[in-house]
Amino acid sequence: MKQLEERIREEGAILSDKVLKVDSFLNHQVDTELALATGKEFARVFAGERITKVLTIEASGIQFAMAAGIALGVPFVYAKKKKAITQSDKVYTAPVHSFTRGETYQVSVDQRFLGPEDRILIVDDFLATGAALVGLVDIVRESGAELVGVGAVIEKSFQEGRGLLEAKGVRIHSLARIVSMKPGEVHFASEEIY
Ligand code: 5GP
């Protein structure tokens, strides 16, 4: 998605060869127009898949799942990272290891919101190590729902996430695929000539 790539070039801060900071428009302050445009693009790419719900994980996937849900005309559900006292015990759970925080936590989705009748599109802000998305894929499969695919706003293709998801037979579509980066320089898969 050209508009997104341009924004990453203009405003993204590359903190190391692995970490991209995009908090001025994507995951702290959010450009609402851009977020809605990502939702439209996911809806276009996965058109015809009869998606019934969009699934993401709190917190920074929420605005993109909502945008995709709006564009598809379906609800979105976000997996919770902490158990709330209001949450029922009937939940699907999966462990997710956070490499940025160095801890493993359980994510959960109430069983009332996911089931065999659903066709699910998973959406998240980043596909990096894939840990978060693999957790969501496992939850979808445990629920008996059909997984249509995974949509990532930004993919860091040089990390292992894509490979892990492909090994699980998951269709992936990323709106900006970064093949390499270092401070002051970012390269997208769309620039490559095959
Ligand atoms: P994973 O490593 O499980 O694919 O990514 C987990 C989460 O870490 C992502 O949803 C995203 O919120 C965060 N993350 C991973 N890589 C980056 C990055 O380069 N920049 C930012 N801002 N967040 C990231």
# chains A, B, ... in the order shown; residues from 1 in each chain; ligands from 1
>>> residues_near_ligand(ligand="ligand 1", cutoff="10 Å", atoms="only C-alpha atoms and all ligand atoms", output="PDB file with C-alpha atoms, in the first residue's frame")
ATOM      1  CA  GLY A  12       9.005   5.971  10.783  1.00  0.00           C
ATOM      2  CA  ALA A  13      11.989   5.984  13.114  1.00  0.00           C
ATOM      3  CA  ILE A  14      14.242   2.991  12.721  1.00  0.00           C
ATOM      4  CA  LEU A  15      15.597   2.412  16.185  1.00  0.00           C
ATOM      5  CA  SER A  16      17.733  -0.588  15.233  1.00  0.00           C
ATOM      6  CA  ASP A  17      17.885  -3.107  12.385  1.00  0.00           C
ATOM      7  CA  LYS A  18      14.817  -4.773  13.947  1.00  0.00           C
ATOM      8  CA  VAL A  19      12.646  -2.112  15.597  1.00  0.00           C
ATOM      9  CA  LEU A  20      10.570   0.434  13.716  1.00  0.00           C
ATOM     10  CA  LYS A  21       8.829   3.207  15.620  1.00  0.00           C
ATOM     11  CA  VAL A  22       5.610   4.370  13.999  1.00  0.00           C
ATOM     12  CA  ASP A  23       3.839   5.855  16.981  1.00  0.00           C
ATOM     13  CA  LEU A  26      -0.012   3.985  13.648  1.00  0.00           C
ATOM     14  CA  ASN A  27       0.102   2.715  17.211  1.00  0.00           C
ATOM     15  CA  HIS A  28       0.112   5.554  19.723  1.00  0.00           C
ATOM     16  CA  THR A  56      -7.127  -9.094  16.701  1.00  0.00           C
ATOM     17  CA  ILE A  57      -5.194  -8.783  19.943  1.00  0.00           C
ATOM     18  CA  GLU A  58      -5.186  -5.809  22.288  1.00  0.00           C
ATOM     19  CA  ALA A  59      -3.989  -3.150  22.143  1.00  0.00           C
ATOM     20  CA  SER A  60      -2.451  -1.906  18.926  1.00  0.00           C
ATOM     21  CA  GLY A  61      -4.352  -4.191  16.545  1.00  0.00           C
ATOM     22  CA  VAL A  96       2.094 -15.649  23.576  1.00  0.00           C
ATOM     23  CA  HIS A  97       5.711 -14.794  24.177  1.00  0.00           C
ATOM     24  CA  SER A  98       6.516 -11.124  23.890  1.00  0.00           C
ATOM     25  CA  PHE A  99      10.085 -10.570  22.766  1.00  0.00           C
ATOM     26  CA  THR A 100       9.861  -6.843  23.342  1.00  0.00           C
ATOM     27  CA  ARG A 101       8.712  -7.319  26.948  1.00  0.00           C
ATOM     28  CA  VAL A 123      -5.624  -8.499  11.615  1.00  0.00           C
ATOM     29  CA  ASP A 124      -2.699  -6.985  13.526  1.00  0.00           C
ATOM     30  CA  ASP A 125      -0.407  -3.984  13.349  1.00  0.00           C
ATOM     31  CA  PHE A 126       2.875  -5.881  12.943  1.00  0.00           C
ATOM     32  CA  LEU A 127       3.966  -9.295  11.754  1.00  0.00           C
ATOM     33  CA  ALA A 128       7.415  -9.691  13.318  1.00  0.00           C
ATOM     34  CA  THR A 129       8.344 -12.888  15.173  1.00  0.00           C
ATOM     35  CA  GLY A 130       4.784 -14.069  14.603  1.00  0.00           C
ATOM     36  CA  ALA A 131       4.270 -15.056  18.256  1.00  0.00           C
ATOM     37  CA  ALA A 132       1.123 -12.976  18.696  1.00  0.00           C
ATOM     38  CA  LEU A 133      -0.418 -14.050  15.398  1.00  0.00           C
ATOM     39  CA  VAL A 134       0.423 -17.734  15.908  1.00  0.00           C
ATOM     40  CA  GLY A 135      -1.414 -17.503  19.255  1.00  0.00           C
ATOM     41  CA  ALA A 152      -0.751  -7.420   8.836  1.00  0.00           C
ATOM     42  CA  VAL A 153      -0.392  -3.684   8.431  1.00  0.00           C
ATOM     43  CA  ILE A 154       3.424  -3.858   8.523  1.00  0.00           C
ATOM     44  CA  GLU A 155       5.438  -7.014   8.008  1.00  0.00           C
ATOM     45  CA  LYS A 156       9.119  -7.212   8.829  1.00  0.00           C
ATOM     46  CA  GLN A 159      11.933 -11.885  10.919  1.00  0.00           C
ATOM     47  CA  GLU A 160      10.526 -15.375  11.266  1.00  0.00           C
ATOM     48  CA  GLY A 161       6.782 -14.621  11.545  1.00  0.00           C
ATOM     49  CA  ARG A 162       5.790 -15.172   7.919  1.00  0.00           C
TER      50      ARG A 162
END
>>> residues_around(residues="Gly48 of chain A", least_positions_apart="5", cutoff="12 Å", atoms="only C-alpha atoms", output="PyMOL selection string")
chain A and resi 42-43+72+119+148
>>> write_last_selection(atoms="C-alpha atoms", output="mmCIF file, in the first residue's frame")
data_model
loop_
_atom_site.group_PDB
_atom_site.id
_atom_site.type_symbol
_atom_site.label_atom_id
_atom_site.label_comp_id
_atom_site.auth_asym_id
_atom_site.auth_seq_id
_atom_site.Cartn_x
_atom_site.Cartn_y
_atom_site.Cartn_z
ATOM 1 C CA PHE A 42 -7.991 -5.728 3.704
ATOM 2 C CA ALA A 43 -11.665 -5.906 2.700
ATOM 3 C CA LEU A 72 -16.477 -5.724 5.653
ATOM 4 C CA ARG A 119 -15.055 -17.386 8.990
ATOM 5 C CA VAL A 148 -9.594 -17.141 6.039
#
>>> closest_residue(among="A:Glu10, A:Glu146, A:Glu185, A:Glu33", to="Glu117 of chain A", atoms="only C-alpha atoms")
A:Glu146
>>> closest_residue(among="A:Ala67, A:Val186, A:Ala176, A:Val74", to="Met1 of chain A", atoms="only C-alpha atoms")
A:Ala176
>>> residues_around(residues="Val140 of chain A", least_positions_apart="6", cutoff="12 Å", atoms="only C-alpha atoms", output="compact mmCIF listing (two decimals) with N, CA and C atoms, in the first residue's frame")
# COMPACT_ATOMS: atom_id res chain seq x y z
N LYS A 53 -16.25 -12.42 10.98
CA LYS A 53 -15.68 -11.61 12.07
C LYS A 53 -14.21 -11.36 11.81
N VAL A 54 -13.75 -10.25 12.37
CA VAL A 54 -12.31 -9.94 12.34
C VAL A 54 -11.80 -10.13 13.76
N LEU A 55 -10.62 -10.73 13.88
CA LEU A 55 -10.04 -10.99 15.21
C LEU A 55 -8.69 -10.30 15.31
N THR A 56 -8.45 -9.68 16.44
CA THR A 56 -7.13 -9.09 16.70
C THR A 56 -6.76 -9.29 18.16
N VAL A 77 -13.47 -8.75 17.09
CA VAL A 77 -13.26 -9.24 18.45
C VAL A 77 -11.79 -9.04 18.76
N ALA A 79 -8.70 -10.25 21.30
CA ALA A 79 -8.25 -11.15 22.36
C ALA A 79 -7.71 -10.31 23.50
N VAL A 91 -13.35 -19.71 27.94
CA VAL A 91 -12.53 -18.94 27.00
C VAL A 91 -11.59 -19.86 26.23
N TYR A 92 -11.25 -19.43 25.04
CA TYR A 92 -10.15 -20.07 24.31
C TYR A 92 -8.89 -19.31 24.71
N THR A 93 -7.81 -20.03 24.99
CA THR A 93 -6.58 -19.33 25.39
C THR A 93 -5.38 -19.86 24.61
N ALA A 94 -4.36 -19.03 24.52
CA ALA A 94 -3.09 -19.46 23.92
C ALA A 94 -1.98 -18.65 24.57
N SER A 108 -6.78 -14.50 25.64
CA SER A 108 -8.02 -15.27 25.69
C SER A 108 -9.16 -14.57 24.94
N VAL A 109 -10.05 -15.41 24.44
CA VAL A 109 -11.26 -14.94 23.75
C VAL A 109 -12.44 -15.72 24.32
N ASP A 110 -13.47 -15.01 24.71
CA ASP A 110 -14.67 -15.65 25.23
C ASP A 110 -15.26 -16.58 24.15
N GLN A 111 -15.64 -17.78 24.57
CA GLN A 111 -16.14 -18.77 23.60
C GLN A 111 -17.46 -18.34 22.95
N PHE A 113 -17.90 -15.66 21.46
CA PHE A 113 -17.65 -14.77 20.32
C PHE A 113 -16.90 -15.41 19.15
N LEU A 114 -16.68 -16.71 19.25
CA LEU A 114 -15.94 -17.42 18.20
C LEU A 114 -16.44 -18.86 18.17
N GLY A 115 -16.79 -19.36 17.00
CA GLY A 115 -17.29 -20.74 16.95
C GLY A 115 -17.23 -21.31 15.55
N PRO A 116 -17.63 -22.58 15.40
CA PRO A 116 -17.51 -23.29 14.12
C PRO A 116 -18.24 -22.62 12.97
N GLU A 117 -19.21 -21.77 13.27
CA GLU A 117 -19.97 -21.12 12.19
C GLU A 117 -19.23 -19.91 11.61
N ASP A 118 -18.10 -19.53 12.24
CA ASP A 118 -17.41 -18.30 11.83
C ASP A 118 -16.33 -18.53 10.76
N ARG A 119 -16.16 -17.46 9.96
CA ARG A 119 -15.06 -17.39 8.99
C ARG A 119 -14.27 -16.14 9.37
N ILE A 120 -13.04 -16.37 9.83
CA ILE A 120 -12.29 -15.33 10.53
C ILE A 120 -11.12 -14.77 9.71
N LEU A 121 -11.05 -13.44 9.74
CA LEU A 121 -9.85 -12.76 9.25
C LEU A 121 -9.13 -12.20 10.48
N ILE A 122 -7.87 -12.57 10.65
CA ILE A 122 -7.07 -12.02 11.75
C ILE A 122 -6.31 -10.81 11.22
N LEU A 133 0.50 -13.55 16.42
CA LEU A 133 -0.42 -14.05 15.40
C LEU A 133 -0.56 -15.57 15.45
N VAL A 134 0.52 -16.27 15.76
CA VAL A 134 0.42 -17.73 15.91
C VAL A 134 -0.54 -18.06 17.04
N GLU A 146 -13.35 -21.25 10.76
CA GLU A 146 -12.50 -21.32 9.56
C GLU A 146 -11.61 -20.07 9.53
N LEU A 147 -10.31 -20.27 9.37
CA LEU A 147 -9.41 -19.13 9.27
C LEU A 147 -9.23 -18.77 7.79
N VAL A 148 -9.69 -17.59 7.43
CA VAL A 148 -9.59 -17.14 6.04
C VAL A 148 -8.17 -16.65 5.74
N GLY A 149 -7.58 -15.95 6.69
CA GLY A 149 -6.22 -15.45 6.47
C GLY A 149 -5.82 -14.47 7.55
N VAL A 150 -4.59 -13.98 7.38
CA VAL A 150 -4.02 -13.00 8.31
C VAL A 150 -3.68 -11.74 7.52
N VAL A 170 -1.30 -20.82 6.57
CA VAL A 170 -2.10 -19.61 6.66
C VAL A 170 -1.81 -18.67 5.47
>>> closest_residue(among="A:Glu166, A:Pro95, A:Gly39, A:Arg50", to="Leu136 of chain A", atoms="only C-alpha atoms")
A:Pro95
>>> atom_distance(atom1="atom CA of Ser143 of chain A", atom2="atom CA of Phe46 of chain A")
21.1 Å
>>> atom_distance(atom1="atom CA of Ser157 of chain A", atom2="atom CA of Ile172 of chain A")
11.6 Å
>>> atom_distance(atom1="atom CA of Ala35 of chain A", atom2="atom CA of Gln63 of chain A")
6.7 Å
>>> select_by_dssp(residues="chain A", states="strand (DSSP E)", output="PyMOL selection string")
chain A and resi 13-14+20-21+53-57+76-79+91-98+103-110+119-127+146-156+172-182+185-188
>>> select_by_dssp(residues="segment 1-190 of chain A", states="helix (DSSP H, G or I)", output="JSON, numbers by chain")
{"A": [2, 3, 4, 5, 6, 7, 8, 9, 10, 11, 32, 33, 34, 35, 36, 37, 38, 39, 40, 41, 42, 43, 44, 45, 62, 63, 64, 65, 66, 67, 68, 69, 70, 71, 72, 111, 112, 113, 131, 132, 133, 134, 135, 136, 137, 138, 139, 140, 141, 142, 143, 161, 162, 163, 164, 165, 166, 167, 189, 190]}
>>> closest_residue(among="A:Ile51, A:Arg9, A:Gln3, A:Glu41", to="Lys182 of chain A", atoms="only C-alpha atoms")
A:Arg9
>>> closest_residue(among="A:Arg112, A:Gly151, A:Arg171, A:Gly184", to="Glu11 of chain A", atoms="only C-alpha atoms")
A:Gly184
